[in-house]
Amino acid sequence: MVNIPSSIDDPIPPAEVEDVELYHSHSWWTTYVFSQDAKVIAIQYSMTAMSIGVVALVLSWLMRIQLGFPGALPFIDAERYYQFITMHGMIMVIYLLTALFLGGFGNYLIPLMLGARDMVFPYANMLSYWLYLLAVLVLVASFFAPGGPTGAGWTLYPPQAVLSGTPGGQDWGIILMLVSLILFIIGFTMGGLNYVVTVLQGRARGMTLMRMPLTIWGIFTATVMALLAFPALFVASVMMLFDRLLGTSFFMPAIVEMGEQLKHNGGSPILFQHLFWFFGHPEVYIVALPAFGIVSDLISTHARKNIFGYRMMVWAIVIIGALSFVVWAHHMYVSGMNPKFGFFFATTTLIIAVPTALKVYNWILTLWRGDIHLTLPMLFALAFIVTFLNGGLTGLFLGNVVVDVPLSDTLFVVAHFHMVMGVAPIMVVFGAIYHWYPKITGRMLDETMGRIHFWVTFLGAYLIFFPMHYLGLLGMPRRYYEMGETAFVPPSAHTLNEFITIMALIVGAAQMLFLFNLFWSYRRGKDAGGNPWRATTLEWQTPTTPPPHGNWGKDLPIVYRWAYDYSVPGAAEDFIPQNQPNPDRISREHMS
Amino acid sequence: MHETAKTEAGTTLPPPLAPGIRGFASDWASDQRAFKNVSWGKAMMWIFLLSDTFIFGCFLLAYMTARMSTTVPWPNPSEVFALNIGGHEIPLILIAIMTFVLITSSGTMAMAVMYGYRRDRKKTAVLMLLTALLGATFVSMQAFEWTKLITEGVRPWENPWGAAQFGSTFFMITGFHGTHVTIGVIFLIIIARKVWRGDFDNERRGFFTSRKGHYEIVEITGLYWHFVDLVWVFIFAFFYLW
């Protein structure tokens, strides 16, 4: 434990790359608006993502009001309802979670945690944000376009997505949606290449891949996946755009609409589903893997204990990422498929449970006999573990063909994916913001507001989504504008629906408190100091807080140890920063 | 503990690697850079090309799906892509010339890279411009081919000979590839201008990035160019020869 045996990566190798020349801005515009500094870009990404997220939150309120109290808001008709569903899903998955985890946390944390001055190509990084903003604006524009946004559901399945019966199908809605996606993908590629190359080629001296914090491993693997999965969505969007604008028949079969034969002929809607889910399933893990990584660091830091099984955790992330590319058709069991394919995709789906369960065990073993501080980040991390476990377990139900088919298109599915890729990653987002806000602003977020936010969000999310499992098992379908008089739905289910709606309104209101806290604490929060959590990773060791342009002042940090030297026996304090030299060879690095 | 070796210049060399798979793994995972002696720009281009491969892969798979699942006949490529020269229908003649031009441009590009590393400013610039010229020739011939097909009645939504997906996939895939070639031509011209002006000899800083340029950018442009050529070989094989 104290005397580490000699290892091959023991001495610190000399610098291989000369220190980078940074772009130095000279005006307010190039410092705060057209900034090439990853930290500013990160904040721009995060603010844009959270703003559009508020739109999606309000849409979910409107949907829930319609479901709980049909007709209470007269302007919500069936078409509006489908538009709200579509926009809510698309915004939350792509424009909020993907952008926030990779564009936001990725930009902020990758250079800082790896001891780099900035991303490798700051200019492309800046373009990435502006294309993302443009994509968001095009998306928002569809609310004001004739016919409103598309109501095709967030999966945009053809043929209905481009038919006149669907809101926005023959108007501007679907066109703006697809254009926005294409812009998003181009913008993301510029950023994503930066993240990957910075992780691979831009690390500090001593920062080996196996010394990177798990946060970086999660973001890195997710970015690689995104660079390989988004092409499928790009291609699908281009082809559907042609179907809609040029009248091609990539996805459109011969079809009769309102008694009229359309000119489309011979296209394959299933082809779209394959392309979409080849993107769509990895997308789940593009959101989940950064969350896995961040939560590992939160737990380790706030339980003052090294992460259990670091190498195992790294390999689990990589294996989950690889496996997620061969499971996509489990979203298509009801589309009709050769039973042998169903067997294959069910098997691969269930295999993913192995590395995932391994991660959950390791988080729990990290907590085991740790010095657990129930700080806000820790509370959210714990909430993540239980929520993710919950959503993961219902995933095992839905991964099986025979169980999935009757549950498909019920609220059970809604409950499942909201638990596993809605609530769980959002918990990590909150935990991470409470954790890193002191580094970004130099001030702590207000504790009282934070605790109210946590308990309302955590308990409220369960009160919203737990009953949905039950409603789904009753057979209550998803995506229905209203149930009407349906024999198999008992009156108690309607009461439950009202309850869910009330809880959704309350939980949504708690998020407003959180946003208020972000602004309030920026001026009035407690002074945080450089390292309030007594954490080991490099971003807490910057010369000033918030970190300056170029992050490190004159000399780049040198890394002497892994990121998890907490409570090392024989050490003076219960944490040893990664850049602290190791003459006495005190570390737990090679214990795991 | 391993002894660190001193070189003549006094810099410290990293310790020798452990044998076998452990050494292999720690070499890859070693600090600062996973790929030693690969610059940031080159790494970025390779990863971009990997991503782009997935885009072209998806396009081609979509095309194959359409072609295999169609219930009406697929137009015969050797008749559709034939040119009437001197009273004879010569199948695939235009496409053969186009392919030849593009492959040739890969050759001139490779020579440009070589002269770039020799810091032969003029030869590099001339060869890059020649590459750009060949690329532009390719795009022009593609425009000619499109024009011919359009006058014969091929549209993205229909054509006189069979499955409508023939026109849609043809225009989409060759169009997307042609866009790649065009972007490549533009970049070749921009870089050739910088080479000609001597930007990489006197380390002039980039307008947007304020970084010093290096002759390596010629090779990075070359990587993109060869990739576009390679993709064309697949399009040629799957679209014209199938």
# chains A, B, ... in the order shown; residues from 1 in each chain; ligands from 1

$ select_by_dssp --residues "range 42-170 of chain B" --states "helix (DSSP H, G or I)" --output "number ranges by chain"
B: 42-69, 77-80, 93-117, 121-151, 165-170

$ residues_around --residues "Arg197 in chain B" --least-positions-apart "6" --cutoff "12 Å" --atoms "only C-alpha atoms" --output "MDAnalysis selection string"
chainID B and resid 121:122 124:125 190:191 203:204

$ write_last_selection --atoms "N, CA and C atoms" --output "mmCIF file, in the first residue's frame"
data_model
loop_
_atom_site.group_PDB
_atom_site.id
_atom_site.type_symbol
_atom_site.label_atom_id
_atom_site.label_comp_id
_atom_site.auth_asym_id
_atom_site.auth_seq_id
_atom_site.Cartn_x
_atom_site.Cartn_y
_atom_site.Cartn_z
ATOM 1 N N ARG B 121 9.072 24.648 -52.647
ATOM 2 C CA ARG B 121 7.866 25.461 -52.652
ATOM 3 C C ARG B 121 7.134 25.406 -53.985
ATOM 4 N N LYS B 122 7.876 25.659 -55.077
ATOM 5 C CA LYS B 122 7.211 25.820 -56.362
ATOM 6 C C LYS B 122 6.634 24.511 -56.877
ATOM 7 N N THR B 124 5.763 21.920 -55.224
ATOM 8 C CA THR B 124 4.618 21.537 -54.411
ATOM 9 C C THR B 124 3.367 22.271 -54.870
ATOM 10 N N ALA B 125 3.504 23.583 -55.011
ATOM 11 C CA ALA B 125 2.324 24.377 -55.376
ATOM 12 C C ALA B 125 1.806 23.975 -56.747
ATOM 13 N N ILE B 190 -6.495 26.797 -51.925
ATOM 14 C CA ILE B 190 -6.102 27.662 -50.800
ATOM 15 C C ILE B 190 -4.709 27.300 -50.288
ATOM 16 N N ILE B 191 -4.482 25.989 -50.102
ATOM 17 C CA ILE B 191 -3.186 25.567 -49.554
ATOM 18 C C ILE B 191 -2.072 25.832 -50.567
ATOM 19 N N GLU B 203 6.859 30.832 -41.706
ATOM 20 C CA GLU B 203 6.006 30.613 -40.548
ATOM 21 C C GLU B 203 4.983 31.718 -40.340
ATOM 22 N N ARG B 204 4.334 32.073 -41.430
ATOM 23 C CA ARG B 204 3.260 33.054 -41.339
ATOM 24 C C ARG B 204 2.082 32.453 -40.561
#

$ residues_around --residues "Val93 in chain A" --least-positions-apart "6" --cutoff "9 Å" --atoms "only C-alpha atoms" --output "ChimeraX atom specification"
/A:99,283-284,287,421-422

$ interface_residues --of "chain A" --to "chain B" --cutoff "7 Å" --atoms "only C-alpha atoms" --output "JSON, numbers by chain"
{"A": [6, 8, 13, 14, 21, 23, 120, 123, 193, 197, 200, 201, 202, 203, 204, 205, 206, 207, 208, 209, 210, 227, 228, 231, 232, 235, 246, 247, 248, 249, 250, 266]}

$ write_last_selection --atoms "N, CA and C atoms" --output "mmCIF file, in the first residue's frame"
data_model
loop_
_atom_site.group_PDB
_atom_site.id
_atom_site.type_symbol
_atom_site.label_atom_id
_atom_site.label_comp_id
_atom_site.auth_asym_id
_atom_site.auth_seq_id
_atom_site.Cartn_x
_atom_site.Cartn_y
_atom_site.Cartn_z
ATOM 1 N N SER A 6 7.862 -0.939 -8.518
ATOM 2 C CA SER A 6 8.199 -0.111 -9.669
ATOM 3 C C SER A 6 7.304 -0.488 -10.844
ATOM 4 N N ILE A 8 6.179 0.411 -15.127
ATOM 5 C CA ILE A 8 6.772 0.877 -16.367
ATOM 6 C C ILE A 8 6.523 2.343 -16.623
ATOM 7 N N PRO A 13 8.091 11.135 -18.189
ATOM 8 C CA PRO A 13 8.810 11.329 -19.458
ATOM 9 C C PRO A 13 8.886 12.805 -19.810
ATOM 10 N N PRO A 14 9.840 13.170 -20.657
ATOM 11 C CA PRO A 14 9.971 14.568 -21.061
ATOM 12 C C PRO A 14 8.809 14.985 -21.947
ATOM 13 N N GLU A 21 0.625 27.492 -28.929
ATOM 14 C CA GLU A 21 0.424 28.935 -29.043
ATOM 15 C C GLU A 21 -1.068 29.171 -29.024
ATOM 16 N N TYR A 23 -4.582 31.428 -29.123
ATOM 17 C CA TYR A 23 -5.140 32.641 -29.708
ATOM 18 C C TYR A 23 -5.480 33.580 -28.559
ATOM 19 N N VAL A 120 -7.476 21.181 -28.926
ATOM 20 C CA VAL A 120 -6.383 21.258 -29.888
ATOM 21 C C VAL A 120 -6.672 22.253 -31.012
ATOM 22 N N TYR A 123 -10.375 27.121 -32.910
ATOM 23 C CA TYR A 123 -11.212 27.806 -33.890
ATOM 24 C C TYR A 123 -12.367 26.912 -34.338
ATOM 25 N N LEU A 193 -14.436 16.052 -32.939
ATOM 26 C CA LEU A 193 -13.064 15.768 -33.356
ATOM 27 C C LEU A 193 -12.083 16.407 -32.377
ATOM 28 N N VAL A 197 -9.346 14.248 -30.252
ATOM 29 C CA VAL A 197 -7.916 14.471 -30.476
ATOM 30 C C VAL A 197 -7.266 15.047 -29.214
ATOM 31 N N LEU A 200 -6.673 12.097 -26.984
ATOM 32 C CA LEU A 200 -5.652 11.169 -27.469
ATOM 33 C C LEU A 200 -4.268 11.802 -27.504
ATOM 34 N N GLN A 201 -4.203 13.062 -27.941
ATOM 35 C CA GLN A 201 -2.894 13.625 -28.271
ATOM 36 C C GLN A 201 -2.496 14.844 -27.443
ATOM 37 N N GLY A 202 -3.373 15.337 -26.585
ATOM 38 C CA GLY A 202 -3.062 16.624 -25.956
ATOM 39 C C GLY A 202 -2.939 16.582 -24.443
ATOM 40 N N ARG A 203 -2.533 15.438 -23.882
ATOM 41 C CA ARG A 203 -2.519 15.332 -22.416
ATOM 42 C C ARG A 203 -1.215 15.875 -21.824
ATOM 43 N N ALA A 204 -1.263 16.105 -20.512
ATOM 44 C CA ALA A 204 -0.084 16.618 -19.819
ATOM 45 C C ALA A 204 0.959 15.513 -19.643
ATOM 46 N N ARG A 205 2.154 15.942 -19.278
ATOM 47 C CA ARG A 205 3.203 14.955 -18.972
ATOM 48 C C ARG A 205 2.753 14.124 -17.777
ATOM 49 N N GLY A 206 2.872 12.837 -17.914
ATOM 50 C CA GLY A 206 2.493 11.944 -16.813
ATOM 51 C C GLY A 206 1.043 11.512 -16.861
ATOM 52 N N MET A 207 0.217 12.188 -17.664
ATOM 53 C CA MET A 207 -1.193 11.810 -17.734
ATOM 54 C C MET A 207 -1.361 10.679 -18.737
ATOM 55 N N THR A 208 -1.186 9.440 -18.271
ATOM 56 C CA THR A 208 -1.416 8.308 -19.160
ATOM 57 C C THR A 208 -2.916 8.093 -19.295
ATOM 58 N N LEU A 209 -3.285 7.313 -20.299
ATOM 59 C CA LEU A 209 -4.718 7.058 -20.480
ATOM 60 C C LEU A 209 -5.303 6.433 -19.219
ATOM 61 N N MET A 210 -4.513 5.575 -18.562
ATOM 62 C CA MET A 210 -5.030 4.884 -17.389
ATOM 63 C C MET A 210 -4.878 5.709 -16.110
ATOM 64 N N LEU A 227 -19.349 10.213 -33.045
ATOM 65 C CA LEU A 227 -18.774 10.438 -34.368
ATOM 66 C C LEU A 227 -19.105 9.289 -35.311
ATOM 67 N N LEU A 228 -19.377 8.113 -34.773
ATOM 68 C CA LEU A 228 -19.711 6.980 -35.628
ATOM 69 C C LEU A 228 -21.217 6.766 -35.759
ATOM 70 N N PRO A 231 -23.419 9.877 -38.159
ATOM 71 C CA PRO A 231 -23.524 9.730 -39.611
ATOM 72 C C PRO A 231 -24.810 9.051 -40.068
ATOM 73 N N ALA A 232 -25.274 8.045 -39.320
ATOM 74 C CA ALA A 232 -26.505 7.362 -39.736
ATOM 75 C C ALA A 232 -27.689 8.316 -39.688
ATOM 76 N N VAL A 235 -27.393 10.759 -42.647
ATOM 77 C CA VAL A 235 -27.836 10.168 -43.908
ATOM 78 C C VAL A 235 -29.356 10.049 -43.935
ATOM 79 N N LEU A 246 -37.927 16.773 -52.830
ATOM 80 C CA LEU A 246 -37.756 16.425 -54.239
ATOM 81 C C LEU A 246 -38.743 15.372 -54.695
ATOM 82 N N GLY A 247 -39.446 14.769 -53.753
ATOM 83 C CA GLY A 247 -40.366 13.718 -54.152
ATOM 84 C C GLY A 247 -39.686 12.402 -54.467
ATOM 85 N N THR A 248 -38.500 12.174 -53.935
ATOM 86 C CA THR A 248 -37.872 10.862 -54.089
ATOM 87 C C THR A 248 -38.609 9.848 -53.217
ATOM 88 N N SER A 249 -38.278 8.580 -53.377
ATOM 89 C CA SER A 249 -38.953 7.536 -52.599
ATOM 90 C C SER A 249 -37.945 6.653 -51.887
ATOM 91 N N PHE A 250 -37.098 7.258 -51.058
ATOM 92 C CA PHE A 250 -36.178 6.424 -50.277
ATOM 93 C C PHE A 250 -36.946 5.655 -49.209
ATOM 94 N N GLY A 266 -42.214 2.451 -53.867
ATOM 95 C CA GLY A 266 -41.120 1.510 -53.718
ATOM 96 C C GLY A 266 -40.104 1.814 -52.646
#

$ residues_around --residues "Met332 in chain A" --least-positions-apart "6" --cutoff "12 Å" --atoms "only C-alpha atoms" --output "CSV table (one decimal) with C-alpha atoms, in the first residue's frame"
chain,number,residue,atom,x,y,z
A,155,THR,CA,-38.3,9.1,-34.0
A,157,TYR,CA,-40.8,7.6,-38.6
A,269,PRO,CA,-39.8,2.8,-44.2
A,270,ILE,CA,-37.9,0.1,-42.4
A,271,LEU,CA,-34.7,1.3,-43.9
A,272,PHE,CA,-35.3,4.6,-42.0
A,273,GLN,CA,-35.9,2.8,-38.8
A,274,HIS,CA,-32.6,0.9,-39.2
A,275,LEU,CA,-30.7,4.1,-39.9
A,276,PHE,CA,-32.4,6.0,-37.1
A,277,TRP,CA,-31.8,3.4,-34.5
A,278,PHE,CA,-28.3,2.7,-35.6
A,280,GLY,CA,-30.6,6.1,-31.7
A,281,HIS,CA,-29.4,3.3,-29.6
A,338,ASN,CA,-36.9,-12.4,-38.9
A,339,PRO,CA,-37.3,-14.2,-35.4
A,341,PHE,CA,-32.7,-11.4,-35.7
A,342,GLY,CA,-35.0,-10.8,-32.7
A,345,PHE,CA,-30.6,-8.4,-30.8
A,346,ALA,CA,-32.3,-9.6,-27.6
A,398,LEU,CA,-38.2,-4.6,-22.8
A,399,GLY,CA,-35.1,-6.2,-24.2
A,400,ASN,CA,-36.9,-9.5,-24.4
A,401,VAL,CA,-39.0,-9.9,-27.5
A,404,ASP,CA,-41.6,-6.2,-25.3
A,405,VAL,CA,-44.3,-6.9,-27.8
A,408,SER,CA,-44.6,-1.8,-26.7
A,409,ASP,CA,-46.3,1.6,-27.1

$ closest_residue --among "B:Ala237, B:Phe170, B:Met128, B:His214" --to "Ile150 in chain B" --atoms "only C-alpha atoms"
B:Phe170

$ closest_residue --among "A:Leu515, A:Ile186, A:Leu262, A:Val568" --to "Met47 in chain A" --atoms "only C-alpha atoms"
A:Leu515

$ residues_around --residues "range 33-36 of chain A" --least-positions-apart "3" --cutoff "7 Å" --atoms "only C-alpha atoms" --output "compact mmCIF listing (two decimals) with N, CA and C atoms, in the first residue's frame"
# COMPACT_ATOMS: atom_id res chain seq x y z
N TRP A 29 -15.61 41.28 -27.82
CA TRP A 29 -16.32 40.34 -28.68
C TRP A 29 -15.59 39.01 -28.77
N THR A 30 -14.28 39.06 -28.97
CA THR A 30 -13.57 37.79 -29.13
C THR A 30 -13.27 37.13 -27.80
N VAL A 40 -15.16 29.19 -22.16
CA VAL A 40 -16.26 30.08 -22.55
C VAL A 40 -17.23 29.33 -23.45
N ILE A 41 -16.66 28.55 -24.38
CA ILE A 41 -17.52 27.78 -25.29
C ILE A 41 -18.38 26.82 -24.48
N PRO A 122 -8.97 25.32 -31.30
CA PRO A 122 -9.96 26.22 -30.70
C PRO A 122 -10.89 26.87 -31.72
N TYR A 123 -10.37 27.12 -32.91
CA TYR A 123 -11.21 27.81 -33.89
C TYR A 123 -12.37 26.91 -34.34
N ASN A 125 -13.54 24.57 -32.65
CA ASN A 125 -14.36 24.42 -31.45
C ASN A 125 -15.38 25.56 -31.36
N MET A 126 -14.93 26.74 -31.69
CA MET A 126 -15.84 27.88 -31.67
C MET A 126 -16.93 27.71 -32.73

$ residues_around --residues "Phe200 in chain B" --least-positions-apart "5" --cutoff "10 Å" --atoms "only C-alpha atoms" --output "MDAnalysis selection string"
chainID B and resid 116 119 121 194:195 205 212:217

$ write_last_selection --atoms "C-alpha atoms" --output "PDB file, in the first residue's frame"
ATOM      1  CA  GLY B 116       6.357  19.537 -49.675  1.00  0.00           C
ATOM      2  CA  ARG B 119      10.394  22.145 -48.914  1.00  0.00           C
ATOM      3  CA  ARG B 121       7.866  25.461 -52.652  1.00  0.00           C
ATOM      4  CA  LYS B 194      -0.117  29.485 -49.144  1.00  0.00           C
ATOM      5  CA  VAL B 195       2.680  27.207 -50.338  1.00  0.00           C
ATOM      6  CA  ARG B 205       0.341  32.783 -38.925  1.00  0.00           C
ATOM      7  CA  LYS B 212       2.043  28.885 -37.595  1.00  0.00           C
ATOM      8  CA  GLY B 213       1.495  26.763 -40.664  1.00  0.00           C
ATOM      9  CA  HIS B 214       3.647  23.770 -41.593  1.00  0.00           C
ATOM     10  CA  TYR B 215       4.221  21.836 -44.769  1.00  0.00           C
ATOM     11  CA  GLU B 216       2.429  18.971 -43.080  1.00  0.00           C
ATOM     12  CA  ILE B 217      -0.860  20.562 -44.096  1.00  0.00           C
TER      13      ILE B 217
END

$ decode --residues "range 83-135 of chain B" --atoms "C-alpha atoms" --output "compact mmCIF listing (two decimals), in the first residue's frame"
# COMPACT_ATOMS: atom_id res chain seq x y z
CA LEU B 83 -21.76 7.21 -74.68
CA ASN B 84 -22.43 7.23 -78.41
CA ILE B 85 -19.06 7.90 -80.00
CA GLY B 86 -18.72 7.63 -83.77
CA GLY B 87 -21.93 5.67 -84.09
CA HIS B 88 -20.98 3.10 -81.42
CA GLU B 89 -22.50 2.80 -77.97
CA ILE B 90 -19.45 2.45 -75.73
CA PRO B 91 -20.47 1.37 -72.24
CA LEU B 92 -18.98 3.11 -69.20
CA ILE B 93 -16.51 5.08 -71.30
CA LEU B 94 -17.09 8.39 -69.57
CA ILE B 95 -16.94 6.87 -66.13
CA ALA B 96 -13.74 5.06 -67.04
CA ILE B 97 -12.14 8.36 -68.03
CA MET B 98 -13.43 10.04 -64.86
CA THR B 99 -12.03 7.28 -62.69
CA PHE B 100 -8.73 7.47 -64.52
CA VAL B 101 -8.57 11.25 -63.99
CA LEU B 102 -9.33 10.98 -60.30
CA ILE B 103 -6.83 8.19 -59.68
CA THR B 104 -4.22 10.20 -61.57
CA SER B 105 -4.90 13.15 -59.32
CA SER B 106 -4.03 10.94 -56.35
CA GLY B 107 -0.66 10.40 -57.97
CA THR B 108 0.03 14.12 -58.42
CA MET B 109 -1.14 14.68 -54.85
CA ALA B 110 1.34 12.11 -53.54
CA MET B 111 4.11 13.86 -55.47
CA ALA B 112 3.05 17.20 -54.02
CA VAL B 113 3.36 15.75 -50.52
CA MET B 114 6.87 14.50 -51.30
CA TYR B 115 8.04 17.87 -52.63
CA GLY B 116 6.36 19.54 -49.68
CA TYR B 117 8.54 17.64 -47.25
CA ARG B 118 11.54 18.54 -49.39
CA ARG B 119 10.39 22.15 -48.91
CA ASP B 120 10.35 22.61 -52.68
CA ARG B 121 7.87 25.46 -52.65
CA LYS B 122 7.21 25.82 -56.36
CA LYS B 123 6.96 22.15 -57.33
CA THR B 124 4.62 21.54 -54.41
CA ALA B 125 2.32 24.38 -55.38
CA VAL B 126 2.30 23.42 -59.05
CA LEU B 127 1.54 19.78 -58.30
CA MET B 128 -1.25 20.79 -55.91
CA LEU B 129 -2.75 23.03 -58.55
CA LEU B 130 -2.47 20.20 -61.05
CA THR B 131 -4.31 17.96 -58.57
CA ALA B 132 -6.97 20.62 -58.19
CA LEU B 133 -7.25 20.89 -61.96
CA LEU B 134 -7.73 17.14 -62.33
CA GLY B 135 -10.32 17.26 -59.52
